Each structure stands twice: as C-alpha cells, then as structure tokens.
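Enquirer: Just so it is clear, I am handing over start_1.pdb, which has PDB, C-alpha atoms, pLDDT in the B column.
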ATOM      1  CA  MET A 157       0.000   0.000   0.000  1.00 46.00           C
ATOM      2  CA  PHE A 158       0.983   3.628  -0.394  1.00 47.00           C
ATOM      3  CA  LYS A 159       2.676   5.169   2.606  1.00 50.00           C
ATOM      4  CA  SER A 160       1.511   8.661   3.454  1.00 50.00           C
ATOM      5  CA  SER A 161       4.802   9.476   5.171  1.00 55.00           C
ATOM      6  CA  TYR A 162       6.795  10.040   1.988  1.00 59.00           C
ATOM      7  CA  SER A 163       8.734  13.223   2.580  1.00 68.00           C
ATOM      8  CA  SER A 164       8.350  14.817  -0.827  1.00 73.00           C
ATOM      9  CA  LEU A 165       4.577  14.406  -0.850  1.00 78.00           C
ATOM     10  CA  ASP A 166       4.088  15.877   2.633  1.00 78.00           C
ATOM     11  CA  ASN A 167       4.338  19.390   1.203  1.00 79.00           C
ATOM     12  CA  LEU A 168       1.268  18.802  -0.954  1.00 83.00           C
ATOM     13  CA  THR A 169      -2.284  19.471   0.104  1.00 87.00           C
ATOM     14  CA  LYS A 170      -4.613  16.553   0.723  1.00 89.00           C
ATOM     15  CA  ASN A 171      -6.346  17.047  -2.642  1.00 91.00           C
ATOM     16  CA  GLN A 172      -3.079  17.386  -4.547  1.00 88.00           C
ATOM     17  CA  LYS A 173      -1.679  14.233  -2.977  1.00 89.00           C
ATOM     18  CA  SER A 174      -4.880  12.304  -3.637  1.00 90.00           C
ATOM     19  CA  SER A 175      -5.112  13.366  -7.270  1.00 90.00           C
ATOM     20  CA  LEU A 176      -1.420  12.636  -7.877  1.00 90.00           C
ATOM     21  CA  VAL A 177      -1.618   9.181  -6.296  1.00 90.00           C
ATOM     22  CA  SER A 178      -4.775   8.350  -8.266  1.00 92.00           C
ATOM     23  CA  PHE A 179      -3.210   9.563 -11.489  1.00 92.00           C
ATOM     24  CA  VAL A 180      -0.025   7.564 -10.903  1.00 91.00           C
ATOM     25  CA  LYS A 181      -1.989   4.380 -10.141  1.00 92.00           C
ATOM     26  CA  ILE A 182      -4.074   4.760 -13.305  1.00 92.00           C
ATOM     27  CA  PHE A 183      -0.941   5.604 -15.285  1.00 92.00           C
ATOM     28  CA  VAL A 184       0.790   2.462 -13.995  1.00 92.00           C
ATOM     29  CA  LYS A 185      -2.190   0.280 -14.912  1.00 90.00           C
ATOM     30  CA  LYS A 186      -2.143   1.672 -18.457  1.00 89.00           C
ATOM     31  CA  HIS A 187       1.614   1.329 -18.922  1.00 84.00           C
ATOM     32  CA  SER A 188       2.377  -1.787 -16.906  1.00 78.00           C
ATOM     33  CA  VAL A 189       2.445  -4.240 -19.813  1.00 74.00           C
ATOM     34  CA  SER A 190       5.800  -5.909 -19.183  1.00 68.00           C
ATOM     35  CA  SER A 191       7.392  -2.629 -18.099  1.00 79.00           C
ATOM     36  CA  SER A 192       9.807  -2.037 -15.276  1.00 87.00           C
ATOM     37  CA  VAL A 193       9.481   0.644 -12.613  1.00 89.00           C
ATOM     38  CA  GLU A 194      12.168   2.700 -14.321  1.00 90.00           C
ATOM     39  CA  GLU A 195      10.416   2.561 -17.717  1.00 91.00           C
ATOM     40  CA  ILE A 196       7.105   3.577 -16.171  1.00 91.00           C
ATOM     41  CA  TRP A 197       8.826   6.443 -14.321  1.00 91.00           C
ATOM     42  CA  ASN A 198      10.403   7.656 -17.583  1.00 90.00           C
ATOM     43  CA  ASP A 199       7.013   7.477 -19.354  1.00 90.00           C
ATOM     44  CA  PHE A 200       5.454   9.384 -16.454  1.00 91.00           C
ATOM     45  CA  VAL A 201       8.076  12.149 -16.671  1.00 90.00           C
ATOM     46  CA  GLU A 202       7.676  12.318 -20.463  1.00 91.00           C
ATOM     47  CA  ASP A 203       3.905  12.602 -20.072  1.00 90.00           C
ATOM     48  CA  ILE A 204       4.223  15.415 -17.521  1.00 91.00           C
ATOM     49  CA  GLU A 205       6.832  17.222 -19.661  1.00 91.00           C
ATOM     50  CA  TYR A 206       4.572  16.918 -22.714  1.00 91.00           C
ATOM     51  CA  ASP A 207       1.691  18.422 -20.739  1.00 89.00           C
ATOM     52  CA  PHE A 208       3.896  21.397 -19.819  1.00 89.00           C
ATOM     53  CA  ALA A 209       5.128  21.699 -23.432  1.00 90.00           C
ATOM     54  CA  ILE A 210       1.575  22.055 -24.753  1.00 92.00           C
ATOM     55  CA  ASP A 211       0.831  24.391 -21.822  1.00 86.00           C
ATOM     56  CA  ASN A 212      -1.904  22.160 -20.415  1.00 85.00           C
ATOM     57  CA  PRO A 213      -0.484  20.514 -17.292  1.00 85.00           C
ATOM     58  CA  LYS A 214      -2.605  18.161 -15.191  1.00 85.00           C
ATOM     59  CA  PHE A 215      -0.669  19.256 -12.141  1.00 86.00           C
ATOM     60  CA  PRO A 216       0.775  22.780 -12.521  1.00 86.00           C
ATOM     61  CA  TRP A 217       2.381  22.578  -9.085  1.00 86.00           C
ATOM     62  CA  ILE A 218       4.400  19.459  -9.963  1.00 86.00           C
ATOM     63  CA  LYS A 219       7.028  21.412 -11.910  1.00 84.00           C
ATOM     64  CA  ASP A 220       8.738  22.350  -8.641  1.00 81.00           C
ATOM     65  CA  PHE A 221       9.098  18.707  -7.539  1.00 81.00           C
ATOM     66  CA  LEU A 222       9.476  16.753 -10.774  1.00 84.00           C
ATOM     67  CA  TYR A 223      13.269  16.486 -10.823  1.00 85.00           C
ATOM     68  CA  GLU A 224      13.892  16.189  -7.087  1.00 86.00           C
ATOM     69  CA  TYR A 225      15.443  12.937  -5.948  1.00 88.00           C
ATOM     70  CA  ASP A 226      12.967  12.417  -3.073  1.00 88.00           C
ATOM     71  CA  PHE A 227       9.981  12.954  -5.347  1.00 89.00           C
ATOM     72  CA  GLU A 228      11.359  10.492  -7.884  1.00 89.00           C
ATOM     73  CA  LYS A 229      12.031   7.937  -5.142  1.00 91.00           C
ATOM     74  CA  ASP A 230       8.531   8.331  -3.680  1.00 90.00           C
ATOM     75  CA  ILE A 231       6.799   8.034  -7.051  1.00 91.00           C
ATOM     76  CA  LYS A 232       8.911   4.992  -7.940  1.00 92.00           C
ATOM     77  CA  ASN A 233       7.886   3.394  -4.641  1.00 91.00           C
ATOM     78  CA  LEU A 234       4.274   4.158  -5.464  1.00 91.00           C
ATOM     79  CA  ILE A 235       4.714   2.614  -8.930  1.00 92.00           C
ATOM     80  CA  LYS A 236       6.337  -0.449  -7.393  1.00 92.00           C
ATOM     81  CA  SER A 237       3.567  -0.908  -4.822  1.00 91.00           C
ATOM     82  CA  THR A 238       0.896  -0.486  -7.514  1.00 92.00           C
ATOM     83  CA  LEU A 239       2.590  -3.139  -9.644  1.00 91.00           C
ATOM     84  CA  GLN A 240       2.691  -5.465  -6.626  1.00 91.00           C
ATOM     85  CA  GLN A 241      -1.020  -4.865  -5.991  1.00 91.00           C
ATOM     86  CA  MET A 242      -1.785  -5.678  -9.622  1.00 91.00           C
ATOM     87  CA  ILE A 243       0.206  -8.926  -9.426  1.00 90.00           C
ATOM     88  CA  TYR A 244      -1.571  -9.864  -6.195  1.00 93.00           C
ATOM     89  CA  LYS A 245      -4.999  -9.184  -7.717  1.00 92.00           C
ATOM     90  CA  GLU A 246      -4.082 -11.249 -10.759  1.00 91.00           C
ATOM     91  CA  LYS A 247      -3.090 -14.168  -8.538  1.00 93.00           C
ATOM     92  CA  GLN A 248      -6.357 -13.869  -6.600  1.00 94.00           C
ATOM     93  CA  LYS A 249      -8.577 -13.915  -9.716  1.00 94.00           C
ATOM     94  CA  PRO A 250      -9.130 -17.710  -9.863  1.00 95.00           C
ATOM     95  CA  TYR A 251     -10.141 -17.808  -6.208  1.00 95.00           C
ATOM     96  CA  ILE A 252     -12.508 -14.862  -6.598  1.00 95.00           C
ATOM     97  CA  GLU A 253     -14.104 -16.438  -9.683  1.00 95.00           C
ATOM     98  CA  LYS A 254     -14.554 -19.701  -7.774  1.00 96.00           C
ATOM     99  CA  GLN A 255     -16.166 -17.834  -4.874  1.00 96.00           C
ATOM    100  CA  LYS A 256     -18.511 -16.040  -7.282  1.00 96.00           C
ATOM    101  CA  ALA A 257     -19.535 -19.361  -8.844  1.00 96.00           C
ATOM    102  CA  MET A 258     -20.159 -20.897  -5.419  1.00 97.00           C
ATOM    103  CA  ALA A 259     -22.207 -17.866  -4.354  1.00 97.00           C
ATOM    104  CA  LYS A 260     -24.259 -18.120  -7.543  1.00 97.00           C
ATOM    105  CA  ILE A 261     -24.998 -21.787  -6.832  1.00 97.00           C
ATOM    106  CA  ALA A 262     -25.913 -20.959  -3.223  1.00 97.00           C
ATOM    107  CA  ARG A 263     -28.298 -18.200  -4.372  1.00 97.00           C
ATOM    108  CA  LYS A 264     -29.916 -20.582  -6.850  1.00 95.00           C
ATOM    109  CA  ARG A 265     -30.398 -23.233  -4.152  1.00 96.00           C
ATOM    110  CA  ALA A 266     -31.872 -20.681  -1.761  1.00 96.00           C
ATOM    111  CA  THR A 267     -34.298 -19.481  -4.429  1.00 94.00           C
ATOM    112  CA  GLU A 268     -35.344 -23.032  -5.255  1.00 93.00           C
ATOM    113  CA  TRP A 269     -35.850 -23.856  -1.580  1.00 95.00           C
ATOM    114  CA  ARG A 270     -37.951 -20.732  -1.071  1.00 95.00           C
ATOM    115  CA  GLN A 271     -40.005 -21.449  -4.198  1.00 93.00           C
ATOM    116  CA  SER A 272     -40.561 -25.058  -3.131  1.00 92.00           C
ATOM    117  CA  HIS A 273     -42.334 -23.783  -0.008  1.00 92.00           C
ATOM    118  CA  GLU A 274     -44.518 -21.143  -1.689  1.00 92.00           C
ATOM    119  CA  LYS A 275     -47.800 -21.513  -3.495  1.00 92.00           C
ATOM    120  CA  PRO A 276     -47.804 -20.758  -7.226  1.00 92.00           C
ATOM    121  CA  THR A 277     -48.870 -17.306  -8.371  1.00 91.00           C
ATOM    122  CA  ARG A 278     -52.023 -16.685 -10.372  1.00 92.00           C
ATOM    123  CA  LYS A 279     -49.876 -15.715 -13.367  1.00 94.00           C
ATOM    124  CA  GLN A 280     -48.078 -19.055 -13.230  1.00 92.00           C
ATOM    125  CA  VAL A 281     -51.371 -20.964 -13.004  1.00 91.00           C
ATOM    126  CA  SER A 282     -52.949 -19.074 -15.889  1.00 93.00           C
ATOM    127  CA  TYR A 283     -49.802 -19.434 -18.024  1.00 93.00           C
ATOM    128  CA  TYR A 284     -49.694 -23.169 -17.287  1.00 91.00           C
ATOM    129  CA  ASN A 285     -53.384 -23.532 -18.198  1.00 91.00           C
ATOM    130  CA  ALA A 286     -52.859 -21.602 -21.449  1.00 92.00           C
ATOM    131  CA  LEU A 287     -49.888 -23.796 -22.379  1.00 90.00           C
ATOM    132  CA  CYS A 288     -51.854 -26.962 -21.637  1.00 90.00           C
ATOM    133  CA  GLU A 289     -54.711 -25.793 -23.878  1.00 90.00           C
ATOM    134  CA  LYS A 290     -52.333 -24.699 -26.632  1.00 88.00           C
ATOM    135  CA  ASN A 291     -50.334 -27.963 -26.582  1.00 85.00           C
ATOM    136  CA  LYS A 292     -53.449 -30.068 -25.943  1.00 85.00           C
ATOM    137  CA  VAL A 293     -51.971 -31.656 -22.819  1.00 84.00           C
ATOM    138  CA  ALA A 294     -53.996 -32.901 -19.865  1.00 85.00           C
ATOM    139  CA  LYS A 295     -53.886 -30.541 -16.898  1.00 85.00           C
ATOM    140  CA  VAL A 296     -52.551 -31.701 -13.542  1.00 85.00           C
ATOM    141  CA  ASP A 297     -54.200 -30.847 -10.214  1.00 86.00           C
ATOM    142  CA  LEU A 298     -52.281 -27.792  -8.944  1.00 85.00           C
ATOM    143  CA  SER A 299     -53.632 -27.683  -5.387  1.00 85.00           C
ATOM    144  CA  GLU A 300     -50.617 -29.456  -3.865  1.00 89.00           C
ATOM    145  CA  LYS A 301     -47.986 -28.027  -6.214  1.00 91.00           C
ATOM    146  CA  SER A 302     -45.400 -25.423  -5.231  1.00 92.00           C
ATOM    147  CA  LYS A 303     -44.089 -22.480  -7.184  1.00 93.00           C
ATOM    148  CA  LEU A 304     -40.981 -24.490  -8.086  1.00 93.00           C
ATOM    149  CA  ASP A 305     -43.026 -27.498  -9.247  1.00 92.00           C
ATOM    150  CA  LEU A 306     -45.114 -25.314 -11.516  1.00 92.00           C
ATOM    151  CA  LYS A 307     -42.032 -23.548 -12.841  1.00 92.00           C
ATOM    152  CA  ASN A 308     -40.495 -26.917 -13.745  1.00 92.00           C
ATOM    153  CA  MET A 309     -43.749 -28.133 -15.345  1.00 91.00           C
ATOM    154  CA  ILE A 310     -43.954 -24.964 -17.478  1.00 91.00           C
ATOM    155  CA  ALA A 311     -40.315 -25.376 -18.534  1.00 91.00           C
ATOM    156  CA  GLU A 312     -41.014 -28.996 -19.472  1.00 90.00           C
ATOM    157  CA  LEU A 313     -44.017 -27.984 -21.597  1.00 88.00           C
ATOM    158  CA  LEU A 314     -41.975 -25.300 -23.344  1.00 88.00           C
ATOM    159  CA  ASN A 315     -39.166 -27.782 -24.041  1.00 87.00           C
ATOM    160  CA  GLU A 316     -41.633 -30.290 -25.510  1.00 82.00           C
ATOM    161  CA  LYS A 317     -43.101 -27.575 -27.724  1.00 75.00           C
ATOM    162  CA  GLN A 318     -39.628 -26.501 -28.857  1.00 74.00           C
ATOM    163  CA  VAL A 319     -38.652 -30.099 -29.712  1.00 72.00           C
ATOM    164  CA  SER A 320     -41.866 -30.656 -31.647  1.00 72.00           C
ATOM    165  CA  ASP A 321     -41.350 -27.379 -33.551  1.00 71.00           C
ATOM    166  CA  GLU A 322     -37.846 -28.438 -34.573  1.00 68.00           C
ATOM    167  CA  LEU A 323     -39.101 -31.723 -36.021  1.00 61.00           C
TER     168      LEU A 323
END
Would you encode the structure as structure tokens?

Expert:
Amino acid sequence: MFKSSYSSLDNLTKNQKSSLVSFVKIFVKKHSVSSSVEEIWNDFVEDIEYDFAIDNPKFPWIKDFLYEYDFEKDIKNLIKSTLQQMIYKEKQKPYIEKQKAMAKIARKRATEWRQSHEKPTRKQVSYYNALCEKNKVAKVDLSEKSKLDLKNMIAELLNEKQVSDEL
C-alpha cells in the first residue's frame, strides 16, 4: 500500500496528494504491460513534460518537484507498490471467480428452496393452463404443487413444444 509518510509528498495538500496518487496508479495500470518501474517512471516524466510543453499541465504545481530525488524515489515506490497490488490481484482472480460461482450456486439453491415452499402465483397458473390448452396436454391438479413445481412443469411444456417445432 501507499505510505503517506513520503517526505516529498508531505508538502502537498490533501487534494493534490490524492489526485497525484490516483493519477499515478491509473498511469501504472495503463503502462504496466511488461514494463519495469524505471520505464514507467520515464514514461510518467515524459507525459508530464509533454503536458507542460503544450501548456496544459494536469498538475501545474508538480514542476517544482518533478526532478527532485525524493519525489522520484517516492513516485517509484508508489509505482512499485501499484505493480505489486496488480500482481496480487491477478493471482487472486481464480479464487474470486470460484467464490462467485459458489455464491451463484448458493443463491440458486436458496431461491429453489424458497419457491418449493410457496404456493404458485395466479400468473403461473394461468400461463400453465394456457400452455396446456395450446399444446393439448392434460392438466394436472395444482392444489398441492409449489411455485418451483409449476415452474419446472412450465419449462417442461416449453421444451416439448420446442422439440416438436424443430421436427
């Protein structure tokens, strides 16, 4: 993480420091494709110099600090820590994806359990009746059926209709 005790950044206001740190992190993410800290630092300096050359600097106050050794060291440390964070996040991706998949399965199970204990809605019943009439299928007694049962029965009827349409 970024240390707030870097000496060269202590002179900046809270907003200046925040905007600089945010800009550097975004800059590193854009330029980090197989680049070293030194290459990213050089690109950063070139970008800032270009902004001053076209007289449209993002940070007009940075001109005083840009070539100081402490500022360079602090920004390089920030670049290095950002690169480390990116590597860590990349290593964590498979685990996060697995957790998301497990959470999705858990949500689906919870929904099915809840639906298995609820009575079907009037819309479900009327849709089921309409499908039965359209497909000329005998209707089943729905008094003991749950929302989940009716959902599965409707899906089955739709699948049968789709198969018969394909033939």

Enquirer: Can you work out the spacing between CA of Lys292 in chain A and CA of Arg278 in chain A in Å, to one decimal?

Expert: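 Computing it gives 20.6 Å between the two atoms.
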
Enquirer: In Å, how far is it from CA of Asn308 in chain A to CA of Arg263 in chain A?

Expert: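 Between these atoms lies a distance of 17.7 Å.
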
Enquirer: Specify as a PyMOL selection string each residue included when the PyMOL selection byres ((chain A and resi 219) around 12) is applied to this file.

Expert: chain A and resi 201+204-209+213-218+220-224+227

Enquirer: For Trp197 in chain A, which of A:Ser175, A:Gln271, A:Asn233, A:Ser282 is the closest residue, counting only C-alpha atoms?

Expert: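 Looking only at the distances to Trp197 in chain A, the closest residue turns out to be A:Asn233.
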
Enquirer: Find the residue from A:Lys247, A:Arg270, A:Lys279, A:Lys317 that sits nearest to Val293 in chain A; use all atoms listed in the file when measuring.

Expert: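 That would be A:Lys317, the residue with the smallest distance to Val293 in chain A.
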
Enquirer: If we count all atoms listed in the file, what is near Lys186 in chain A at a cut-off of 12 Å, once residues fewer than 6 positions away on the same chain are taken out, given as a list of chain:residue names?

Expert: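 Everything that qualifies: A:Phe179, A:Val180, A:Ile196, A:Asp199, A:Phe200, A:Ile235, A:Thr238, A:Leu239, A:Met242.
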
Enquirer: If I wrap all listed atoms of range 249-268 of chain A in a box with edges along x, y and z and add 4 Å on each side, what are its centre and edge lengths in Å to one decimal, as AutoDock Vina command-line options?

Expert:
--center_x -22.0 --center_y -18.6 --center_z -5.8 --size_x 34.8 --size_y 17.3 --size_z 16.1

Enquirer: Considering only C-alpha atoms, can you say which of A:Glu312, A:Glu246, A:Glu194, A:Glu253 comes closest to Glu228 in chain A?

Expert: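 With only C-alpha atoms as the atom set, the closest residue is A:Glu194.
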
Enquirer: The PyMOL selection byres ((chain A and resi 284) around 10) - which residues does that actually catch in the file I just gave you? List them as a PyMOL selection string.

Expert: chain A and resi 278-283+285-290+295-296+298+306-307+309-311+313

Enquirer: What's around Glu274 in chain A at 12 Å? Count all atoms listed in the file, leave out sequence neighbours fewer than 3 positions away in its own chain, and write the answer as a PyMOL selection string.

Expert: chain A and resi 267-271+277+299-307

Enquirer: Just give me the gap between CA of Lys181 in chain A and CA of Leu234 in chain A in Å, one decimal is fine.

Expert: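 Taking CA of Lys181 in chain A as the start and CA of Leu234 in chain A as the end point, the length is 7.8 Å.
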